[in-house]
Amino acid sequence: MNPLASINLSTDLALVEARGKVRTLAEDLGAQAVAGTAVATIVSDVGRRAIKDDLPVTAELAIEAVEGRTIMQVRLSGVSALPEVEGLRSRFGIEAISSTAVDGGRPSVELRIPTSTPAARVDEAFLDRERARLIQRSPGQLLEEVQRQNVELSSLLEELRDTKNALALKARELETVNRELESFSYSVSHDLRAPLRAVDGFGLALLEDYDAALDETGKDYLRRIRAATARMARLIDDLLSLSRLTRDEMHVGRVDLSRLAEEIVAELREGEPGRNVDVTITPGLEAEADAALTRVVLVNLLGNAFKFTDKRDPARIAFGAETVDGRLWYCVEDNGAGFDMTYADKLFGAFQRLHTTDEFDGTGIGLAIVQRAIHRQGGEVRAWGEIGTGAKISFCLASPRIGG
Amino acid sequence: MHMYTLRDVLVVALPPAVYDHAVQDLQTDILTQIAETSAAVLIIDVAPVDLIDRFFAQTMLDLCKMAALLGAHPIITGIDSPTAAVLATFGLDMPDLDLVGSVSDALAQLGVTNTEPIPRG
Ligand SMILES: Nc1ncnc2c1ncn2[C@@H]1O[C@H](COP(=O)(O)OP(=O)(O)OP(=O)(O)O)[C@@H](O)[C@H]1O
Ligand SMILES: [Mg+2]
């Protein structure tokens, strides 16, 4: 037997090499796929045993011509018997021939696998080609490359997993911080009310019970103290409503924005019956939104429009919609005091105002609430203004693709 | 070896060659992961493995039994037909075992989409 390949089954790597070569040769010679796999499985199991028991076992691969057909041979030297395997001959047509040790040599088992290659095709050139094929399959060329790529891949995967975990962690942290902040501002607002009530109460008591003891200046100071506490109480209320806005659950449904605007405008008109306000509302504007949040948005925007037009006669206010970049934007527009566009993005911060309380009353929480209510629904809000001309606040509700 | 979780499914992709000495670690790693994620299904993908000999097949069968004890239904994917035929002929049947063509087939059967891994922890 002049072997095409010979492998000492002494390491895990050699085992992988041997079963790879067995399969390659079986395939090249046109043996049945099951036969190739069966022999590779036997070689592998025998090899594992040999490594475990530290016994020298060699696998040799060769070809023999028998009656015009090519037989593939796999000789396992150092092995006296195969492990219990059934069906080797009946199912796969593989013959196993054991030879006992001769002349101090080693015992061996030879596996003979029938193939579909005619013996005539097997010449020196064929054998050389096959030898080269089998050398190519040695661990140096193939396995190490595969293993190197595997190491690279698994370190990449490791990195990816780390990043994913870090992100998930950050998200959870953020969520916690957010919740803490929420409950912090809620309890702060609650706890601030008690001392404030005391200040206001004692101020009132002083005014009522010590009327005679105080001169006009003293009484004026007291009234200012009470006005300031009233203002602070309002600030706290506003803070509370801002934090409530993100805590309450959302219920998304069909909301008739035009009708909502009509209702709010009617309320606003009732509050200021003497004013001459021209309101235009585009009918039939609807959206998938949370009704309560949307009401908050419109109350604040229309409220602002009413407030900042109080020196106009007639004041003009419009509620409508326009499509920009494929998204439907709702807008509230007025011809009021306007504001300096340089500070446009500041307006949405809590307690940020571009007008003094002398000019226009307010705490500066309205647009902060508007922004939160819109962001919570996945929307966006923008402000446009010009001093002395008016303002326009636009918002959209859903993500870009869904539109209005 | 590469493991990931999709909802309550733990997917394990085995490396091309699994050596004897690494087998125990492999089993331990997988079982620990099942316990940690309380996975309801374990998918072991053997497609990358160069050859599944009897020893390796036995190891996988043992692993599946242990996974089942931990409450994870085992599924093995990626066994080609010659391998299945050889193992069966050599007396290694996998009676109660789910053998499915590929991981995506298995996930599809379970109604889990492979596109969106859901982080767990
Ligand atoms: N329609 C508008 N025209 C001109 N300026 C506006 C308009 N809307 C908002 N602003 C400017 O943005 C600031 C912030 O508005 P925001 O609604 O948050 O507060 P506010 O109306 O002053 O007080 P609050 O709404 O809390 O009563 C206002 O003080 C004002 O300077
Ligand atoms: Mg306002």
# chains A, B, ... in the order shown; residues from 1 in each chain; ligands from 1
call {"tool": "residues_around", "arguments": {"residues": "B:Thr83", "least_positions_apart": "2", "cutoff": "12 Å", "atoms": "only C-alpha atoms", "output": "ChimeraX atom specification"}}
result
/A:33-41 /B:46-47,49-54,56-57,78-81,85-90,92-93
call {"tool": "residues_near_ligand", "arguments": {"ligand": "ligand 1", "cutoff": "7 Å", "atoms": "only C-alpha atoms and all ligand atoms", "output": "PyMOL selection string"}}
result
chain A and resi 300-301+304-305+308+334+336-339+347-348+350-355+360-368+385+390-392
call {"tool": "write_last_selection", "arguments": {"atoms": "C-alpha atoms", "output": "PDB file, in the first residue's frame"}}
result
ATOM      1  CA  ASN A 300     -51.315  76.608  25.939  1.00  0.00           C
ATOM      2  CA  LEU A 301     -50.715  77.613  22.318  1.00  0.00           C
ATOM      3  CA  ASN A 304     -50.416  82.339  24.365  1.00  0.00           C
ATOM      4  CA  ALA A 305     -51.837  83.618  21.098  1.00  0.00           C
ATOM      5  CA  PHE A 308     -49.616  88.096  23.272  1.00  0.00           C
ATOM      6  CA  ASP A 334     -51.040  85.229  15.654  1.00  0.00           C
ATOM      7  CA  GLY A 336     -49.237  89.706  18.445  1.00  0.00           C
ATOM      8  CA  ALA A 337     -46.081  90.988  20.117  1.00  0.00           C
ATOM      9  CA  GLY A 338     -43.848  88.334  18.563  1.00  0.00           C
ATOM     10  CA  PHE A 339     -40.370  87.568  19.831  1.00  0.00           C
ATOM     11  CA  LEU A 347     -38.813  79.310  24.801  1.00  0.00           C
ATOM     12  CA  PHE A 348     -39.401  75.620  25.405  1.00  0.00           C
ATOM     13  CA  ALA A 350     -39.276  75.671  31.910  1.00  0.00           C
ATOM     14  CA  PHE A 351     -39.638  79.233  33.273  1.00  0.00           C
ATOM     15  CA  GLN A 352     -37.969  80.745  30.205  1.00  0.00           C
ATOM     16  CA  ARG A 353     -39.727  83.926  29.098  1.00  0.00           C
ATOM     17  CA  LEU A 354     -38.920  86.572  26.537  1.00  0.00           C
ATOM     18  CA  HIS A 355     -41.351  89.097  27.999  1.00  0.00           C
ATOM     19  CA  PHE A 360     -47.490  89.917  29.817  1.00  0.00           C
ATOM     20  CA  ASP A 361     -48.452  87.818  32.810  1.00  0.00           C
ATOM     21  CA  GLY A 362     -47.190  84.242  33.080  1.00  0.00           C
ATOM     22  CA  THR A 363     -44.667  81.883  34.647  1.00  0.00           C
ATOM     23  CA  GLY A 364     -43.036  80.538  31.488  1.00  0.00           C
ATOM     24  CA  ILE A 365     -44.067  76.925  31.890  1.00  0.00           C
ATOM     25  CA  GLY A 366     -46.625  76.723  29.070  1.00  0.00           C
ATOM     26  CA  LEU A 367     -44.323  75.924  26.153  1.00  0.00           C
ATOM     27  CA  ALA A 368     -42.270  73.521  28.292  1.00  0.00           C
ATOM     28  CA  GLY A 385     -41.514  84.794  15.580  1.00  0.00           C
ATOM     29  CA  GLY A 390     -46.453  87.961  15.488  1.00  0.00           C
ATOM     30  CA  ALA A 391     -45.596  84.361  16.217  1.00  0.00           C
ATOM     31  CA  LYS A 392     -46.239  80.934  14.771  1.00  0.00           C
TER      32      LYS A 392
END
call {"tool": "atom_distance", "arguments": {"atom1": "atom CA of B:Val103", "atom2": "atom CA of B:Pro16"}}
result
16.1 Å
call {"tool": "residues_around", "arguments": {"residues": "stretch 344-346 of chain A", "least_positions_apart": "3", "cutoff": "7 Å", "atoms": "only C-alpha atoms", "output": "PyMOL selection string"}}
result
chain A and resi 340-341+349+352+383-384
call {"tool": "residues_around", "arguments": {"residues": "A:Met72", "least_positions_apart": "5", "cutoff": "9 Å", "atoms": "only C-alpha atoms", "output": "CSV table (one decimal) with N, CA, C and O atoms, in the first residue's frame"}}
result
chain,number,residue,atom,x,y,z
A,25,LEU,N,-11.3,12.7,0.2
A,25,LEU,CA,-10.9,11.6,-0.8
A,25,LEU,C,-12.2,10.9,-1.2
A,25,LEU,O,-12.4,10.5,-2.4
A,26,ALA,N,-13.1,10.6,-0.2
A,26,ALA,CA,-14.3,9.9,-0.5
A,26,ALA,C,-15.1,10.6,-1.5
A,26,ALA,O,-15.6,10.0,-2.5
A,29,LEU,N,-13.5,10.6,-5.0
A,29,LEU,CA,-13.6,9.3,-5.7
A,29,LEU,C,-15.0,8.9,-6.0
A,29,LEU,O,-15.3,7.9,-6.6
A,31,ALA,N,-17.4,8.2,-3.7
A,31,ALA,CA,-18.1,7.3,-2.8
A,31,ALA,C,-19.4,7.9,-2.3
A,31,ALA,O,-19.6,9.1,-2.5
A,61,LEU,N,-4.4,6.8,4.1
A,61,LEU,CA,-5.4,6.8,3.1
A,61,LEU,C,-4.7,6.3,1.8
A,61,LEU,O,-3.6,6.8,1.4
A,62,ALA,N,-5.4,5.4,1.1
A,62,ALA,CA,-4.8,4.9,-0.2
A,62,ALA,C,-5.9,4.5,-1.1
A,62,ALA,O,-7.1,4.5,-0.8
A,63,ILE,N,-5.5,4.1,-2.3
A,63,ILE,CA,-6.5,3.7,-3.4
A,63,ILE,C,-6.0,2.4,-4.0
A,63,ILE,O,-4.8,2.1,-4.1
A,64,GLU,N,-7.0,1.5,-4.3
A,64,GLU,CA,-6.6,0.2,-4.9
A,64,GLU,C,-7.7,-0.1,-6.0
A,64,GLU,O,-8.8,0.2,-5.8
A,65,ALA,N,-7.1,-0.7,-7.0
A,65,ALA,CA,-8.1,-1.1,-8.1
A,65,ALA,C,-8.5,-2.5,-7.9
A,65,ALA,O,-7.6,-3.4,-7.8
A,111,LEU,N,-10.3,-0.3,6.4
A,111,LEU,CA,-11.6,-0.1,6.0
A,111,LEU,C,-11.6,0.1,4.5
A,111,LEU,O,-10.8,0.8,3.9
A,112,ARG,N,-12.5,-0.6,3.8
A,112,ARG,CA,-12.5,-0.5,2.3
A,112,ARG,C,-13.8,0.0,1.8
A,112,ARG,O,-14.9,-0.6,2.1
A,113,ILE,N,-13.7,1.1,1.1
A,113,ILE,CA,-15.0,1.8,0.7
A,113,ILE,C,-15.1,1.7,-0.8
A,113,ILE,O,-14.2,2.2,-1.5
A,114,PRO,N,-16.2,1.2,-1.3
A,114,PRO,CA,-16.4,1.2,-2.8
A,114,PRO,C,-16.6,2.6,-3.3
A,114,PRO,O,-17.2,3.4,-2.6
A,115,THR,N,-16.1,2.9,-4.5
A,115,THR,CA,-16.3,4.2,-5.1
A,115,THR,C,-16.9,4.0,-6.5
A,115,THR,O,-16.9,2.9,-7.0
call {"tool": "select_by_dssp", "arguments": {"residues": "stretch 106-264 of chain A", "states": "helix (DSSP H, G or I)", "output": "PyMOL selection string"}}
result
chain A and resi 119-121+124-136+143-209+216-247+257-264
call {"tool": "atom_distance", "arguments": {"atom1": "atom CA of B:Gln58", "atom2": "atom CA of B:Gly111"}}
result
29.1 Å
call {"tool": "select_by_dssp", "arguments": {"residues": "chain B", "states": "strand (DSSP E)", "output": "number ranges by chain"}}
result
B: 2-6, 9-13, 41-45, 73-77, 98-100
call {"tool": "closest_residue", "arguments": {"among": "A:Glu333, A:Glu27, A:Glu288, A:Asp238", "to": "ligand 2", "atoms": "only C-alpha atoms and all ligand atoms"}}
result
A:Asp238
call {"tool": "atom_distance", "arguments": {"atom1": "atom CA of A:Leu240", "atom2": "atom CA of A:Glu272"}}
result
26.7 Å
call {"tool": "decode", "arguments": {"residues": "stretch 1-15 of chain B", "atoms": "all heavy atoms", "output": "PDB file, in the first residue's frame"}}
result
ATOM      1  N   MET B   1     -17.590  29.301  20.395  1.00  0.00           N
ATOM      2  CA  MET B   1     -19.035  29.152  20.526  1.00  0.00           C
ATOM      3  C   MET B   1     -19.679  30.531  20.685  1.00  0.00           C
ATOM      4  O   MET B   1     -19.119  31.412  21.301  1.00  0.00           O
ATOM      5  CB  MET B   1     -19.354  28.303  21.748  1.00  0.00           C
ATOM      6  CG  MET B   1     -20.831  28.118  21.935  1.00  0.00           C
ATOM      7  SD  MET B   1     -21.209  27.028  23.301  1.00  0.00           S
ATOM      8  CE  MET B   1     -20.359  27.796  24.648  1.00  0.00           C
ATOM      9  N   HIS B   2     -20.867  30.664  20.104  1.00  0.00           N
ATOM     10  CA  HIS B   2     -21.551  31.944  20.153  1.00  0.00           C
ATOM     11  C   HIS B   2     -22.990  31.710  20.630  1.00  0.00           C
ATOM     12  O   HIS B   2     -23.686  30.857  20.121  1.00  0.00           O
ATOM     13  CB  HIS B   2     -21.515  32.546  18.752  1.00  0.00           C
ATOM     14  CG  HIS B   2     -22.383  33.751  18.604  1.00  0.00           C
ATOM     15  ND1 HIS B   2     -22.447  34.720  19.580  1.00  0.00           N
ATOM     16  CD2 HIS B   2     -23.214  34.130  17.625  1.00  0.00           C
ATOM     17  CE1 HIS B   2     -23.297  35.641  19.182  1.00  0.00           C
ATOM     18  NE2 HIS B   2     -23.782  35.311  18.008  1.00  0.00           N
ATOM     19  N   MET B   3     -23.387  32.462  21.655  1.00  0.00           N
ATOM     20  CA  MET B   3     -24.746  32.284  22.186  1.00  0.00           C
ATOM     21  C   MET B   3     -25.491  33.606  22.135  1.00  0.00           C
ATOM     22  O   MET B   3     -24.915  34.652  22.378  1.00  0.00           O
ATOM     23  CB  MET B   3     -24.685  31.865  23.665  1.00  0.00           C
ATOM     24  CG  MET B   3     -24.223  30.473  23.886  1.00  0.00           C
ATOM     25  SD  MET B   3     -24.628  29.931  25.551  1.00  0.00           S
ATOM     26  CE  MET B   3     -23.091  30.266  26.374  1.00  0.00           C
ATOM     27  N   TYR B   4     -26.772  33.561  21.824  1.00  0.00           N
ATOM     28  CA  TYR B   4     -27.580  34.750  21.962  1.00  0.00           C
ATOM     29  C   TYR B   4     -29.012  34.378  22.299  1.00  0.00           C
ATOM     30  O   TYR B   4     -29.439  33.238  22.093  1.00  0.00           O
ATOM     31  CB  TYR B   4     -27.517  35.641  20.724  1.00  0.00           C
ATOM     32  CG  TYR B   4     -27.927  34.972  19.432  1.00  0.00           C
ATOM     33  CD1 TYR B   4     -29.216  35.142  18.936  1.00  0.00           C
ATOM     34  CD2 TYR B   4     -27.029  34.197  18.710  1.00  0.00           C
ATOM     35  CE1 TYR B   4     -29.597  34.536  17.742  1.00  0.00           C
ATOM     36  CE2 TYR B   4     -27.398  33.603  17.523  1.00  0.00           C
ATOM     37  CZ  TYR B   4     -28.676  33.776  17.049  1.00  0.00           C
ATOM     38  OH  TYR B   4     -29.043  33.191  15.875  1.00  0.00           O
ATOM     39  N   THR B   5     -29.738  35.339  22.855  1.00  0.00           N
ATOM     40  CA  THR B   5     -31.100  35.065  23.289  1.00  0.00           C
ATOM     41  C   THR B   5     -32.074  35.879  22.468  1.00  0.00           C
ATOM     42  O   THR B   5     -31.879  37.061  22.252  1.00  0.00           O
ATOM     43  CB  THR B   5     -31.267  35.460  24.776  1.00  0.00           C
ATOM     44  OG1 THR B   5     -30.131  35.009  25.474  1.00  0.00           O
ATOM     45  CG2 THR B   5     -32.510  34.837  25.348  1.00  0.00           C
ATOM     46  N   LEU B   6     -33.097  35.202  21.952  1.00  0.00           N
ATOM     47  CA  LEU B   6     -34.187  35.897  21.264  1.00  0.00           C
ATOM     48  C   LEU B   6     -35.442  35.590  22.051  1.00  0.00           C
ATOM     49  O   LEU B   6     -35.883  34.447  22.091  1.00  0.00           O
ATOM     50  CB  LEU B   6     -34.345  35.380  19.844  1.00  0.00           C
ATOM     51  CG  LEU B   6     -33.222  35.738  18.885  1.00  0.00           C
ATOM     52  CD1 LEU B   6     -33.239  34.828  17.691  1.00  0.00           C
ATOM     53  CD2 LEU B   6     -33.336  37.177  18.466  1.00  0.00           C
ATOM     54  N   ARG B   7     -35.976  36.602  22.690  1.00  0.00           N
ATOM     55  CA  ARG B   7     -37.083  36.361  23.603  1.00  0.00           C
ATOM     56  C   ARG B   7     -36.730  35.248  24.590  1.00  0.00           C
ATOM     57  O   ARG B   7     -35.715  35.333  25.265  1.00  0.00           O
ATOM     58  CB  ARG B   7     -38.357  36.029  22.839  1.00  0.00           C
ATOM     59  CG  ARG B   7     -39.288  37.244  22.944  1.00  0.00           C
ATOM     60  CD  ARG B   7     -40.331  37.171  21.927  1.00  0.00           C
ATOM     61  NE  ARG B   7     -39.880  37.996  20.828  1.00  0.00           N
ATOM     62  CZ  ARG B   7     -40.658  38.638  20.030  1.00  0.00           C
ATOM     63  NH1 ARG B   7     -41.934  38.568  20.175  1.00  0.00           N
ATOM     64  NH2 ARG B   7     -40.190  39.389  19.078  1.00  0.00           N
ATOM     65  N   ASP B   8     -37.485  34.150  24.647  1.00  0.00           N
ATOM     66  CA  ASP B   8     -37.112  33.107  25.610  1.00  0.00           C
ATOM     67  C   ASP B   8     -36.422  31.931  24.928  1.00  0.00           C
ATOM     68  O   ASP B   8     -36.469  30.810  25.385  1.00  0.00           O
ATOM     69  CB  ASP B   8     -38.338  32.647  26.403  1.00  0.00           C
ATOM     70  CG  ASP B   8     -39.475  32.234  25.486  1.00  0.00           C
ATOM     71  OD1 ASP B   8     -39.310  32.362  24.248  1.00  0.00           O
ATOM     72  OD2 ASP B   8     -40.496  31.765  25.989  1.00  0.00           O
ATOM     73  N   VAL B   9     -35.789  32.207  23.792  1.00  0.00           N
ATOM     74  CA  VAL B   9     -35.075  31.163  23.065  1.00  0.00           C
ATOM     75  C   VAL B   9     -33.572  31.418  23.144  1.00  0.00           C
ATOM     76  O   VAL B   9     -33.110  32.502  22.809  1.00  0.00           O
ATOM     77  CB  VAL B   9     -35.500  31.140  21.576  1.00  0.00           C
ATOM     78  CG1 VAL B   9     -34.780  30.030  20.837  1.00  0.00           C
ATOM     79  CG2 VAL B   9     -37.010  30.968  21.460  1.00  0.00           C
ATOM     80  N   LEU B  10     -32.849  30.414  23.623  1.00  0.00           N
ATOM     81  CA  LEU B  10     -31.389  30.536  23.658  1.00  0.00           C
ATOM     82  C   LEU B  10     -30.825  29.812  22.437  1.00  0.00           C
ATOM     83  O   LEU B  10     -31.075  28.625  22.236  1.00  0.00           O
ATOM     84  CB  LEU B  10     -30.836  29.921  24.948  1.00  0.00           C
ATOM     85  CG  LEU B  10     -29.306  29.887  25.068  1.00  0.00           C
ATOM     86  CD1 LEU B  10     -28.731  31.294  25.102  1.00  0.00           C
ATOM     87  CD2 LEU B  10     -28.880  29.112  26.304  1.00  0.00           C
ATOM     88  N   VAL B  11     -30.100  30.555  21.603  1.00  0.00           N
ATOM     89  CA  VAL B  11     -29.527  29.964  20.394  1.00  0.00           C
ATOM     90  C   VAL B  11     -28.026  29.801  20.598  1.00  0.00           C
ATOM     91  O   VAL B  11     -27.346  30.746  20.973  1.00  0.00           O
ATOM     92  CB  VAL B  11     -29.794  30.855  19.159  1.00  0.00           C
ATOM     93  CG1 VAL B  11     -29.260  30.181  17.893  1.00  0.00           C
ATOM     94  CG2 VAL B  11     -31.275  31.146  19.020  1.00  0.00           C
ATOM     95  N   VAL B  12     -27.532  28.584  20.370  1.00  0.00           N
ATOM     96  CA  VAL B  12     -26.112  28.318  20.543  1.00  0.00           C
ATOM     97  C   VAL B  12     -25.550  27.861  19.204  1.00  0.00           C
ATOM     98  O   VAL B  12     -26.014  26.873  18.639  1.00  0.00           O
ATOM     99  CB  VAL B  12     -25.884  27.215  21.594  1.00  0.00           C
ATOM    100  CG1 VAL B  12     -24.404  26.911  21.709  1.00  0.00           C
ATOM    101  CG2 VAL B  12     -26.456  27.622  22.935  1.00  0.00           C
ATOM    102  N   ALA B  13     -24.579  28.605  18.687  1.00  0.00           N
ATOM    103  CA  ALA B  13     -23.909  28.193  17.458  1.00  0.00           C
ATOM    104  C   ALA B  13     -22.570  27.596  17.859  1.00  0.00           C
ATOM    105  O   ALA B  13     -21.747  28.254  18.467  1.00  0.00           O
ATOM    106  CB  ALA B  13     -23.714  29.380  16.528  1.00  0.00           C
ATOM    107  N   LEU B  14     -22.377  26.316  17.538  1.00  0.00           N
ATOM    108  CA  LEU B  14     -21.146  25.653  17.963  1.00  0.00           C
ATOM    109  C   LEU B  14     -19.993  26.028  17.044  1.00  0.00           C
ATOM    110  O   LEU B  14     -20.199  26.367  15.886  1.00  0.00           O
ATOM    111  CB  LEU B  14     -21.371  24.137  17.953  1.00  0.00           C
ATOM    112  CG  LEU B  14     -22.379  23.661  18.993  1.00  0.00           C
ATOM    113  CD1 LEU B  14     -22.562  22.154  18.883  1.00  0.00           C
ATOM    114  CD2 LEU B  14     -21.931  24.036  20.398  1.00  0.00           C
ATOM    115  N   PRO B  15     -18.774  25.944  17.551  1.00  0.00           N
ATOM    116  CA  PRO B  15     -17.597  26.227  16.716  1.00  0.00           C
ATOM    117  C   PRO B  15     -17.319  25.059  15.774  1.00  0.00           C
ATOM    118  O   PRO B  15     -17.868  23.976  15.956  1.00  0.00           O
ATOM    119  CB  PRO B  15     -16.471  26.383  17.746  1.00  0.00           C
ATOM    120  CG  PRO B  15     -16.922  25.585  18.914  1.00  0.00           C
ATOM    121  CD  PRO B  15     -18.426  25.628  18.929  1.00  0.00           C
TER     122      PRO B  15
END
